[in-house]
Structures are given as C-alpha cells and as structure tokens.
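Listing of model_32.tsv; format and content: TSV, C-alpha atoms and all ligand atoms.
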```tsv
chain	number	residue	atom	x	y	z
A	263	MET	CA	-43.63	25.04	25.99
A	264	LYS	CA	-46.73	23.54	24.40
A	265	LYS	CA	-46.07	25.58	21.26
A	266	VAL	CA	-42.50	24.36	21.09
A	267	LEU	CA	-43.58	20.77	21.57
A	268	SER	CA	-46.17	20.91	18.84
A	269	ALA	CA	-43.70	22.59	16.50
A	270	ILE	CA	-41.23	19.76	17.12
A	271	LEU	CA	-43.99	17.21	16.63
A	272	ALA	CA	-45.07	18.85	13.39
A	273	ALA	CA	-41.49	18.89	12.17
A	274	ALA	CA	-41.06	15.25	13.11
A	275	VAL	CA	-44.27	14.25	11.32
A	276	MET	CA	-43.22	16.23	8.27
A	277	CYS	CA	-39.75	14.67	8.23
A	278	THR	CA	-41.15	11.19	8.71
A	279	SER	CA	-43.59	11.61	5.85
A	280	MET	CA	-40.88	13.14	3.66
A	281	LEU	CA	-38.65	10.21	4.48
A	282	ALA	CA	-41.46	7.79	3.72
A	283	LEU	CA	-41.96	9.50	0.38
A	284	ALA	CA	-38.28	9.30	-0.41
A	285	GLY	CA	-38.28	5.76	0.92
A	286	CYS	CA	-35.03	6.28	2.69
A	287	GLY	CA	-33.11	7.35	5.75
A	288	GLY	CA	-32.54	10.84	4.43
A	289	SER	CA	-29.34	12.81	4.46
A	290	LYS	CA	-28.60	15.68	6.70
A	291	GLN	CA	-26.33	18.63	6.45
A	292	GLU	CA	-28.80	21.23	7.67
A	293	SER	CA	-30.21	21.70	11.15
A	294	LYS	CA	-29.60	19.68	14.29
A	295	LYS	CA	-33.35	19.57	14.93
A	296	GLU	CA	-34.01	17.83	11.66
A	297	SER	CA	-31.28	15.27	12.20
A	298	ALA	CA	-32.66	14.44	15.63
A	299	ALA	CA	-36.07	13.90	14.08
A	300	ALA	CA	-34.63	11.83	11.27
A	301	SER	CA	-32.54	9.59	13.48
A	302	ASP	CA	-35.50	9.01	15.82
A	303	SER	CA	-37.53	7.69	12.93
A	304	ALA	CA	-37.90	3.95	12.62
A	305	ALA	CA	-36.30	4.08	9.17
A	306	SER	CA	-32.90	4.92	10.58
A	307	LYS	CA	-30.39	2.99	12.68
A	308	GLY	CA	-28.81	6.32	13.46
A	309	GLU	CA	-26.33	8.64	11.80
A	310	LEU	CA	-23.20	7.83	9.89
A	311	HIS	CA	-20.74	10.68	9.63
A	312	MET	CA	-18.81	11.00	6.39
A	313	ALA	CA	-15.60	13.00	6.47
A	314	THR	CA	-14.87	14.82	3.23
A	315	ASN	CA	-13.27	17.91	1.70
A	316	ALA	CA	-16.03	19.58	-0.25
A	317	ALA	CA	-13.87	21.54	-2.66
A	318	PHE	CA	-13.44	18.82	-5.25
A	319	GLU	CA	-16.05	19.12	-7.97
A	320	PRO	CA	-17.58	16.84	-9.31
A	321	TYR	CA	-16.98	14.45	-6.38
A	322	GLU	CA	-17.90	16.79	-3.52
A	323	TYR	CA	-18.56	20.49	-3.58
A	324	LYS	CA	-20.95	23.07	-2.22
A	325	GLU	CA	-24.01	24.21	-4.05
A	326	GLY	CA	-26.21	26.70	-2.24
A	327	GLY	CA	-24.80	25.70	1.14
A	328	GLU	CA	-25.40	22.01	0.48
A	329	ILE	CA	-22.68	19.45	-0.20
A	330	VAL	CA	-23.42	17.69	-3.48
A	331	GLY	CA	-21.49	15.53	-5.95
A	332	ILE	CA	-20.78	11.94	-6.91
A	333	ASP	CA	-19.44	10.92	-3.49
A	334	ALA	CA	-22.27	12.63	-1.60
A	335	GLU	CA	-24.84	10.78	-3.71
A	336	ILE	CA	-23.18	7.37	-3.61
A	337	ALA	CA	-22.74	7.73	0.17
A	338	LYS	CA	-26.41	8.65	0.49
A	339	ALA	CA	-27.43	5.62	-1.56
A	340	ILE	CA	-25.29	3.31	0.60
A	341	CYS	CA	-26.69	4.79	3.83
A	342	ASP	CA	-30.25	4.49	2.51
A	343	LYS	CA	-29.66	0.83	1.73
A	344	LEU	CA	-28.18	0.15	5.15
A	345	GLY	CA	-30.81	2.23	6.98
A	346	TYR	CA	-28.57	5.02	8.26
A	347	THR	CA	-28.94	8.78	8.11
A	348	LEU	CA	-25.98	10.34	6.32
A	349	VAL	CA	-24.28	13.36	7.87
A	350	ILE	CA	-21.48	14.99	5.87
A	351	ASP	CA	-18.65	16.69	7.74
A	352	ASP	CA	-16.49	19.06	5.68
A	353	MET	CA	-12.82	19.41	6.63
A	354	ASP	CA	-9.33	19.76	5.13
A	355	PHE	CA	-8.40	16.74	3.00
A	356	ASP	CA	-5.43	15.87	5.19
A	357	ALA	CA	-7.70	15.69	8.28
A	358	ILE	CA	-9.98	12.98	6.86
A	359	ILE	CA	-7.96	9.88	7.73
A	360	THR	CA	-7.40	11.08	11.30
A	361	ALA	CA	-11.13	11.79	11.64
A	362	VAL	CA	-11.77	8.17	10.63
A	363	THR	CA	-9.06	6.53	12.74
A	364	SER	CA	-10.09	8.57	15.81
A	365	GLY	CA	-13.75	7.64	15.34
A	366	LYS	CA	-14.84	11.27	14.88
A	367	ALA	CA	-16.19	10.18	11.51
A	368	ASP	CA	-17.56	6.75	10.55
A	369	PHE	CA	-16.06	6.81	7.08
A	370	GLY	CA	-14.11	9.00	4.70
A	371	MET	CA	-15.15	9.59	1.09
A	372	ALA	CA	-13.40	12.32	-0.86
A	373	GLY	CA	-12.29	11.13	-4.25
A	374	MET	CA	-9.80	9.31	-2.09
A	375	THR	CA	-7.23	7.13	-3.81
A	376	VAL	CA	-6.36	3.74	-2.39
A	377	THR	CA	-2.67	3.71	-1.48
A	378	ASP	CA	-0.55	1.18	0.40
A	379	GLU	CA	0.48	3.84	2.86
A	380	ARG	CA	-3.12	4.78	3.69
A	381	LYS	CA	-3.97	1.08	3.99
A	382	GLN	CA	-1.68	0.94	7.00
A	383	SER	CA	-4.04	3.24	8.92
A	384	VAL	CA	-7.49	2.58	7.41
A	385	ASP	CA	-9.45	-0.12	5.58
A	386	PHE	CA	-10.79	0.61	2.11
A	387	THR	CA	-13.97	-0.67	0.49
A	388	ASP	CA	-13.89	-2.00	-3.04
A	389	SER	CA	-13.23	0.75	-5.55
A	390	TYR	CA	-16.22	2.65	-6.98
A	391	THR	CA	-14.40	4.47	-9.76
A	392	THR	CA	-10.99	5.24	-11.23
A	393	ALA	CA	-9.10	8.47	-11.83
A	394	ILE	CA	-5.91	9.82	-13.35
A	395	GLN	CA	-3.60	12.52	-12.07
A	396	SER	CA	-3.53	15.40	-14.52
A	397	ILE	CA	-1.12	18.24	-15.05
A	398	ILE	CA	-2.59	21.74	-15.49
A	399	VAL	CA	-0.46	24.53	-16.98
A	400	ASN	CA	-0.99	28.04	-18.31
A	401	ASP	CA	-1.79	28.28	-22.00
A	402	GLY	CA	1.17	29.35	-24.07
A	403	GLU	CA	3.76	28.47	-21.40
A	404	ASP	CA	6.14	25.70	-22.42
A	405	LYS	CA	8.17	25.14	-19.28
A	406	VAL	CA	6.13	22.04	-18.40
A	407	LYS	CA	5.21	19.89	-21.39
A	408	SER	CA	5.39	16.48	-19.70
A	409	ALA	CA	5.54	14.82	-16.30
A	410	GLU	CA	9.33	14.71	-16.71
A	411	ASP	CA	9.42	18.53	-16.86
A	412	LEU	CA	7.88	18.72	-13.37
A	413	LYS	CA	11.31	17.80	-12.02
A	414	LYS	CA	12.61	21.28	-12.76
A	415	ALA	CA	9.43	23.25	-12.13
A	416	SER	CA	7.47	24.76	-9.28
A	417	VAL	CA	4.36	22.68	-8.79
A	418	GLY	CA	1.16	23.41	-6.87
A	419	VAL	CA	-0.71	20.54	-5.21
A	420	GLN	CA	-3.40	19.96	-2.60
A	421	LEU	CA	-1.76	19.08	0.72
A	422	GLY	CA	-1.73	15.39	1.55
A	423	THR	CA	-3.15	14.20	-1.78
A	424	THR	CA	-1.61	11.65	-4.10
A	425	GLY	CA	-0.66	14.56	-6.38
A	426	ASP	CA	1.40	15.87	-3.45
A	427	ILE	CA	2.93	12.42	-2.87
A	428	TYR	CA	3.91	11.90	-6.54
A	429	VAL	CA	5.54	15.25	-7.13
A	430	SER	CA	7.24	15.20	-3.73
A	431	ASP	CA	9.32	12.43	-5.30
A	432	PHE	CA	10.68	15.03	-7.71
A	433	GLU	CA	11.92	17.33	-4.95
A	434	LYS	CA	15.28	15.57	-4.99
A	435	ASP	CA	15.54	16.45	-8.70
A	436	GLY	CA	14.94	20.10	-7.99
A	437	ALA	CA	11.16	20.46	-8.19
A	438	LYS	CA	9.71	23.09	-5.86
A	439	ILE	CA	6.42	21.99	-4.35
A	440	GLU	CA	3.81	24.47	-3.10
A	441	ARG	CA	1.16	22.79	-0.95
A	442	PHE	CA	-2.32	24.29	-0.60
A	443	ASN	CA	-5.31	23.31	1.52
A	444	LYS	CA	-7.58	23.53	-1.51
A	445	GLY	CA	-7.04	22.52	-5.12
A	446	ALA	CA	-8.65	25.82	-6.13
A	447	ASP	CA	-5.90	27.74	-4.32
A	448	ALA	CA	-3.24	25.79	-6.20
A	449	VAL	CA	-4.95	26.69	-9.48
A	450	LEU	CA	-5.20	30.33	-8.40
A	451	ALA	CA	-1.44	30.34	-7.79
A	452	LEU	CA	-1.01	28.93	-11.31
A	453	THR	CA	-3.11	31.67	-12.91
A	454	GLN	CA	-1.04	34.21	-10.95
A	455	LYS	CA	2.11	32.51	-12.30
A	456	LYS	CA	3.34	31.73	-8.81
A	457	VAL	CA	3.71	28.08	-9.85
A	458	ASP	CA	4.42	26.52	-13.26
A	459	ALA	CA	1.97	23.63	-13.00
A	460	VAL	CA	-0.67	22.00	-10.82
A	461	VAL	CA	-1.04	18.25	-10.37
A	462	ILE	CA	-4.54	17.13	-9.45
A	463	ASP	CA	-7.13	14.46	-10.27
A	464	ASN	CA	-8.49	14.59	-13.84
A	465	GLU	CA	-12.17	15.38	-13.26
A	466	PRO	CA	-11.57	18.26	-10.80
A	467	ALA	CA	-8.81	19.38	-13.20
A	468	LYS	CA	-11.39	19.68	-15.99
A	469	LYS	CA	-13.64	21.76	-13.74
A	470	PHE	CA	-10.77	24.04	-12.75
A	471	VAL	CA	-9.77	24.57	-16.38
A	472	GLU	CA	-13.40	25.34	-17.27
A	473	GLN	CA	-13.48	27.93	-14.50
A	474	ASN	CA	-10.05	29.46	-15.21
A	475	LYS	CA	-9.54	30.88	-18.67
A	476	GLY	CA	-6.00	30.59	-19.98
A	477	THR	CA	-5.27	27.22	-18.35
A	478	LYS	CA	-5.15	23.79	-19.97
A	479	ILE	CA	-4.59	20.12	-19.16
A	480	LEU	CA	-1.57	18.39	-20.68
A	481	ASP	CA	-2.40	15.42	-22.88
A	482	GLU	CA	0.02	13.16	-21.12
A	483	PRO	CA	-1.79	11.40	-18.28
A	484	PHE	CA	0.21	10.95	-15.13
A	485	GLU	CA	-0.84	8.22	-12.68
A	486	ASN	CA	-3.87	5.90	-12.68
A	487	GLU	CA	-5.72	5.48	-9.42
A	488	ASP	CA	-8.68	3.77	-7.75
A	489	TYR	CA	-11.09	5.70	-5.56
A	490	ALA	CA	-12.63	3.99	-2.54
A	491	ILE	CA	-14.25	4.72	0.80
A	492	CYS	CA	-12.06	4.45	3.89
A	493	LEU	CA	-13.18	3.13	7.26
A	494	LYS	CA	-11.63	2.48	10.63
A	495	LYS	CA	-9.42	-0.61	10.62
A	496	GLY	CA	-11.45	-3.70	11.41
A	497	SER	CA	-14.79	-1.85	11.15
A	498	GLU	CA	-17.71	-4.20	10.62
A	499	LEU	CA	-19.23	-1.53	8.38
A	500	THR	CA	-16.71	-2.25	5.63
A	501	GLU	CA	-18.36	-5.52	4.65
A	502	GLN	CA	-21.83	-3.93	4.72
A	503	PHE	CA	-20.57	-1.04	2.60
A	504	ASN	CA	-19.07	-3.46	0.09
A	505	LYS	CA	-22.30	-5.38	-0.17
A	506	ALA	CA	-24.36	-2.20	-0.64
A	507	LEU	CA	-21.81	-0.84	-3.12
A	508	LYS	CA	-21.92	-4.05	-5.16
A	509	GLU	CA	-25.71	-3.89	-5.36
A	510	LEU	CA	-25.56	-0.23	-6.38
A	511	LYS	CA	-23.00	-1.05	-9.06
A	512	ASP	CA	-24.98	-4.05	-10.31
A	513	ASP	CA	-28.29	-2.19	-10.58
A	514	GLY	CA	-26.67	0.74	-12.41
A	515	THR	CA	-27.10	3.33	-9.63
A	516	VAL	CA	-23.38	4.12	-9.34
A	517	LYS	CA	-23.07	4.61	-13.09
A	518	LYS	CA	-26.18	6.79	-13.15
A	519	ILE	CA	-24.79	9.03	-10.41
A	520	ILE	CA	-21.39	9.33	-12.13
A	521	ASP	CA	-23.02	10.07	-15.51
A	522	LYS	CA	-25.12	12.79	-13.92
A	523	TYR	CA	-21.98	14.70	-12.91
A	524	ILE	CA	-19.55	13.69	-15.67
A	525	LYS	CA	-20.88	14.23	-19.14
A	526	ALA	CA	-19.24	12.02	-21.75
A	601	LIG	N1	-7.32	11.38	-5.20
A	601	LIG	C1	-6.44	12.22	-4.47
A	601	LIG	C2	-6.04	11.55	-3.18
A	601	LIG	O1	-6.67	10.65	-2.72
A	601	LIG	C3	-7.02	13.60	-4.19
A	601	LIG	C4	-8.29	13.62	-3.44
A	601	LIG	C5	-8.68	15.01	-3.00
A	601	LIG	N2	-10.02	15.03	-2.56
A	601	LIG	C6	-10.69	16.10	-2.06
A	601	LIG	N3	-11.94	15.95	-1.75
A	601	LIG	N4	-10.09	17.22	-1.93
A	601	LIG	O2	-5.10	11.93	-2.55
```
Produce structure tokens that represent the structure in this file.
Ligand code: ARG
Amino acid sequence: MKKVLSAILAAAVMCTSMLALAGCGGSKQESKKESAAASDSAASKGELHMATNAAFEPYEYKEGGEIVGIDAEIAKAICDKLGYTLVIDDMDFDAIITAVTSGKADFGMAGMTVTDERKQSVDFTDSYTTAIQSIIVNDGEDKVKSAEDLKKASVGVQLGTTGDIYVSDFEKDGAKIERFNKGADAVLALTQKKVDAVVIDNEPAKKFVEQNKGTKILDEPFENEDYAICLKKGSELTEQFNKALKELKDDGTVKKIIDKYIKA
C-alpha cells in the first residue's frame, strides 16, 4: 500500500513539474492515472473532452498511438489558455454531434464545417480556418472530369460529412453514393475501382493522394467551407473559446500550428 502511494505521489510530482515546465494544463490521451494527477493539479479546472474522428490528416490523426494534428494542437492551446486539461475522444464522425448534444463530450473539433443544419443542434465558435471540398479520381479515368459528372457516377464519401450532404443532392440525377465510416475506406474503394470518385475536404484529399499512387485531385474546386468548433447549445464555454481563439489567432499561434502541418 505504502509502495503504491509513493508511486502515485512520485507520478503526481513528476506530472506537476512537467506541467509547470510546459506552463500549461497538459493534454491527456494516455493513462487514467496521469489524467487524475493532471486534473488534481492547481493548474487545471478539470478536463474538457473533445470529440473527434482521428482519421483526417492533417487535422486529426494517429501517430504512434497519440492523436495529433491541427485540431488537436489548437484545442490544446485553447484548453491551456482556459486552464483545462484536454482529453481527446476518438469516434465515428457522425457520432460527434450527438456526443456534444448529450454532454458526453464538451466540444467537437474534427475539421467540422459550419452548416445551417448543424447549427440547429449545436453552437459553433468563430471559424479557425477554411476548406474546400475536393474530388479525387483515378489517374487516366475520364468518367468524372468535373463536379457535374458526379451526377452520373458512383461516389465514395465519409458518412455524415458535408461531402456526403453535397453529393446526396445528386442522387436524384442518378449518382450512386457509397458511404464509409472513414475517408480512407472511401479512397480504398476508389483505388479498387468500386467507385468512380471520392468527395472529401482538400487537405485530407492531398494526404490520401500522396498515400495512394494512381489517384489525383481534379482541378475544379467544389464547395468552400468554414471549419469551427461545436459546443452544446447555450454552453457558456463558447464565449470563452471564442476569446481564447481570437487571442491565438492574433498572436500567430493558429497560423503557426496550421503551417506546421500544411506546407505551402
Ligand atoms: N468538413 C467535413 C464536414 O464537416 C468533413 C469533416 C470530417 N472530419 C473528420 N475528422 N473525419 O462534414
């Protein structure tokens, strides 16, 4: 018992000093023990759970078991500023809004586009970046050369994303939509010629094309979007998040984080 206690104490001291060094509330995706120690520390008001779908490089993805990316780092910077310990919960993209509205998560951040429909169930912060929907096709295939061509094609999308919403509009024209839980699975279906095209956000699209020889992005951009963080309707955190986000934009932190992951 004594041994256990001193081990916990040692861990707590270590965490506290590490936190002091980092000058922040720390982020936690690892062990429960560490999070307990971190949230007990005076630096933290407690944990904030972020719901995400960590299969969306460069915004959120796994690297050596850890969730990294633009969203993970901006969220960490916001939590540090507000004195919270960040905990990232990975889930399917289409589960994020429910996690937020049910209170299972404190906020959602997942390269998530602000839409009027989503605004009916959650509040959004100010936008932290913009994106474009891109169309990925196989090299040398000419069935889909423009957004218009999607109307007569089979199209892979990630379930519940704006890509899904846009091309679902084309179903009445004859488009066949295949919905996948992960963008990577949609791209896999493309490389296996099970679909003619994939519609997905431009930065993840670039990563997928880098990782899948024989695929390319069409020049024609599709839809322009704003990314923001979603919170429970009426949450008092939204205003605090906006204030922290503004400071992080003004002092160049947001740009620095984005530039680290997206090379010009
Ligand atoms: N921007 C799109 C949307 O909001 C796709 C986001 C997908 N994000 C993810 N982490 N898988 O619907």
Nearby polymer residues, ligand LIG 601 (chain A), at most 6 Å, only C-alpha atoms and all ligand atoms, as an MDAnalysis selection string: chainID A and resid 314:318 355 372:375 423:424 463
Ala334 of chain A environment, 9 Å, all atoms listed in the file, sequence neighbours closer than 2 positions dropped, as a count of residues only: 15
Contacts of Glu487 of chain A within 7 Å, all atoms listed in the file, excl. fewer than 4 positions in-chain, as a ChimeraX atom specification: /A:375,392-394
Counting only C-alpha atoms, the residue of A:Gly514, A:Gly476, A:Pro466, A:Gly365 that sits nearest Glu319 of chain A: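 Distance minimum relative to Glu319 of chain A lands on A:Pro466.
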Within-8 Å shell of (-3.7, 10.2, -15.9) in input frame, all atoms listed in the file, as JSON, numbers by chain: {"A": [393, 394, 395, 396, 463, 464, 482, 483, 484, 485, 486]}
Straight-line distance linking atom CA of Ala437 of chain A with atom CA of Asp481 of chain A, stated in Å to one decimal: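 One can read the atom CA of Ala437 of chain A to atom CA of Asp481 of chain A distance as 20.6 Å.
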A:Lys456, A:Lys366, A:Lys525, A:Arg380 ranked by distance to Lys469 of chain A, top pick (using all atoms listed in the file): A:Lys525
Lys413 of chain A environment, 7 Å, all atoms listed in the file, sequence neighbours closer than 3 positions dropped, as number ranges by chain: A: 410, 432, 435-437
Exercise: Ile519 of chain A partners within 8 Å, all atoms listed in the file, chain neighbours under 2 positions left out, as a PDB file with C-alpha atoms, keeping the file's coordinate frame:
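out18.pdb written:
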```pdb
ATOM      1  CA  ILE A 332     -20.780  11.940  -6.910  1.00  0.00           C
ATOM      2  CA  GLU A 335     -24.840  10.780  -3.710  1.00  0.00           C
ATOM      3  CA  ILE A 336     -23.180   7.370  -3.610  1.00  0.00           C
ATOM      4  CA  THR A 515     -27.100   3.330  -9.630  1.00  0.00           C
ATOM      5  CA  VAL A 516     -23.380   4.120  -9.340  1.00  0.00           C
ATOM      6  CA  LYS A 517     -23.070   4.610 -13.090  1.00  0.00           C
ATOM      7  CA  ASP A 521     -23.020  10.070 -15.510  1.00  0.00           C
ATOM      8  CA  LYS A 522     -25.120  12.790 -13.920  1.00  0.00           C
ATOM      9  CA  TYR A 523     -21.980  14.700 -12.910  1.00  0.00           C
TER      10      TYR A 523
END
```
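Here atom CA of Ser416 of chain A is placed at a distance of 21.8 Å from atom CA of Gln473 of chain A.
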Listed atoms of segment 400-418 of chain A boxed axis-aligned with 5 Å per side, centre + edges as lines of an AutoDock Vina configuration file:
```
center_x = 5.4
center_y = 22.0
center_z = -15.5
size_x = 24.4
size_y = 24.6
size_z = 27.2
```
Proximity to Leu450 of chain A - best of A:Ile398, A:Ala490, A:Asp513, A:Asn504, all atoms listed in the file: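 The shortest atom-to-atom distance to Leu450 of chain A comes from A:Ile398.
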Polymer residues at most 8 Å from Leu310 of chain A, all atoms listed in the file, same-chain spacing of 4 or more positions, as a list in words: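 Listed by chain and then number, they are Cys341, Tyr346, Thr347, Leu348, Val349, Ala367, Asp368 and Phe369 of chain A.
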Between atom CA of Lys511 of chain A and atom CA of Glu328 of chain A, distance in Å (one decimal):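 Value for the atom CA of Lys511 of chain A-atom CA of Glu328 of chain A distance: 25.1 Å.
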Point (-1.9, 24.1, -1.2), cut-off 6 Å, counting all atoms listed in the file, residues as a list in words: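 Looking at atoms near the point gives Val419, Gln420, Leu421, Arg441, Phe442, Asn443, Lys444 and Ala448 of chain A.
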Taking the partial coordinates given, rebuild segment 487-507 of chain A to contain N, CA and C atoms; return it as an mmCIF file, in the coordinates of the input.
```
data_model
loop_
_atom_site.group_PDB
_atom_site.id
_atom_site.type_symbol
_atom_site.label_atom_id
_atom_site.label_comp_id
_atom_site.auth_asym_id
_atom_site.auth_seq_id
_atom_site.Cartn_x
_atom_site.Cartn_y
_atom_site.Cartn_z
ATOM 1 N N GLU A 487 -5.370 5.752 -10.816
ATOM 2 C CA GLU A 487 -5.720 5.480 -9.420
ATOM 3 C C GLU A 487 -7.113 4.889 -9.270
ATOM 4 N N ASP A 488 -7.348 4.263 -8.119
ATOM 5 C CA ASP A 488 -8.680 3.770 -7.750
ATOM 6 C C ASP A 488 -9.204 4.586 -6.592
ATOM 7 N N TYR A 489 -10.453 5.008 -6.682
ATOM 8 C CA TYR A 489 -11.090 5.700 -5.560
ATOM 9 C C TYR A 489 -11.875 4.689 -4.724
ATOM 10 N N ALA A 490 -11.820 4.834 -3.417
ATOM 11 C CA ALA A 490 -12.630 3.990 -2.540
ATOM 12 C C ALA A 490 -12.961 4.741 -1.258
ATOM 13 N N ILE A 491 -13.829 4.132 -0.474
ATOM 14 C CA ILE A 491 -14.250 4.720 0.800
ATOM 15 C C ILE A 491 -13.353 4.152 1.897
ATOM 16 N N CYS A 492 -12.899 4.982 2.821
ATOM 17 C CA CYS A 492 -12.060 4.450 3.890
ATOM 18 C C CYS A 492 -12.835 4.376 5.198
ATOM 19 N N LEU A 493 -12.538 3.345 5.962
ATOM 20 C CA LEU A 493 -13.180 3.130 7.260
ATOM 21 C C LEU A 493 -12.119 2.756 8.283
ATOM 22 N N LYS A 494 -12.538 2.825 9.551
ATOM 23 C CA LYS A 494 -11.630 2.480 10.630
ATOM 24 C C LYS A 494 -11.185 1.030 10.462
ATOM 25 N N LYS A 495 -9.942 0.756 10.759
ATOM 26 C CA LYS A 495 -9.420 -0.610 10.620
ATOM 27 C C LYS A 495 -10.280 -1.588 11.403
ATOM 28 N N GLY A 496 -10.670 -2.665 10.740
ATOM 29 C CA GLY A 496 -11.450 -3.700 11.410
ATOM 30 C C GLY A 496 -12.934 -3.379 11.544
ATOM 31 N N SER A 497 -13.374 -2.232 11.016
ATOM 32 C CA SER A 497 -14.790 -1.850 11.150
ATOM 33 C C SER A 497 -15.700 -2.877 10.484
ATOM 34 N N GLU A 498 -16.777 -3.217 11.206
ATOM 35 C CA GLU A 498 -17.710 -4.200 10.620
ATOM 36 C C GLU A 498 -18.548 -3.553 9.518
ATOM 37 N N LEU A 499 -18.479 -2.220 9.436
ATOM 38 C CA LEU A 499 -19.230 -1.530 8.380
ATOM 39 C C LEU A 499 -18.652 -1.800 6.994
ATOM 40 N N THR A 500 -17.354 -2.111 6.933
ATOM 41 C CA THR A 500 -16.710 -2.250 5.630
ATOM 42 C C THR A 500 -17.403 -3.307 4.776
ATOM 43 N N GLU A 501 -17.710 -4.443 5.398
ATOM 44 C CA GLU A 501 -18.360 -5.520 4.650
ATOM 45 C C GLU A 501 -19.754 -5.099 4.188
ATOM 46 N N GLN A 502 -20.476 -4.402 5.088
ATOM 47 C CA GLN A 502 -21.830 -3.930 4.720
ATOM 48 C C GLN A 502 -21.744 -2.910 3.590
ATOM 49 N N PHE A 503 -20.757 -2.032 3.666
ATOM 50 C CA PHE A 503 -20.570 -1.040 2.600
ATOM 51 C C PHE A 503 -20.273 -1.745 1.275
ATOM 52 N N ASN A 504 -19.413 -2.755 1.325
ATOM 53 C CA ASN A 504 -19.070 -3.460 0.090
ATOM 54 C C ASN A 504 -20.279 -4.131 -0.530
ATOM 55 N N LYS A 505 -21.106 -4.690 0.319
ATOM 56 C CA LYS A 505 -22.300 -5.380 -0.170
ATOM 57 C C LYS A 505 -23.247 -4.352 -0.820
ATOM 58 N N ALA A 506 -23.471 -3.251 -0.118
ATOM 59 C CA ALA A 506 -24.360 -2.200 -0.640
ATOM 60 C C ALA A 506 -23.782 -1.634 -1.937
ATOM 61 N N LEU A 507 -22.468 -1.403 -1.945
ATOM 62 C CA LEU A 507 -21.810 -0.840 -3.120
ATOM 63 C C LEU A 507 -21.958 -1.782 -4.315
#
```
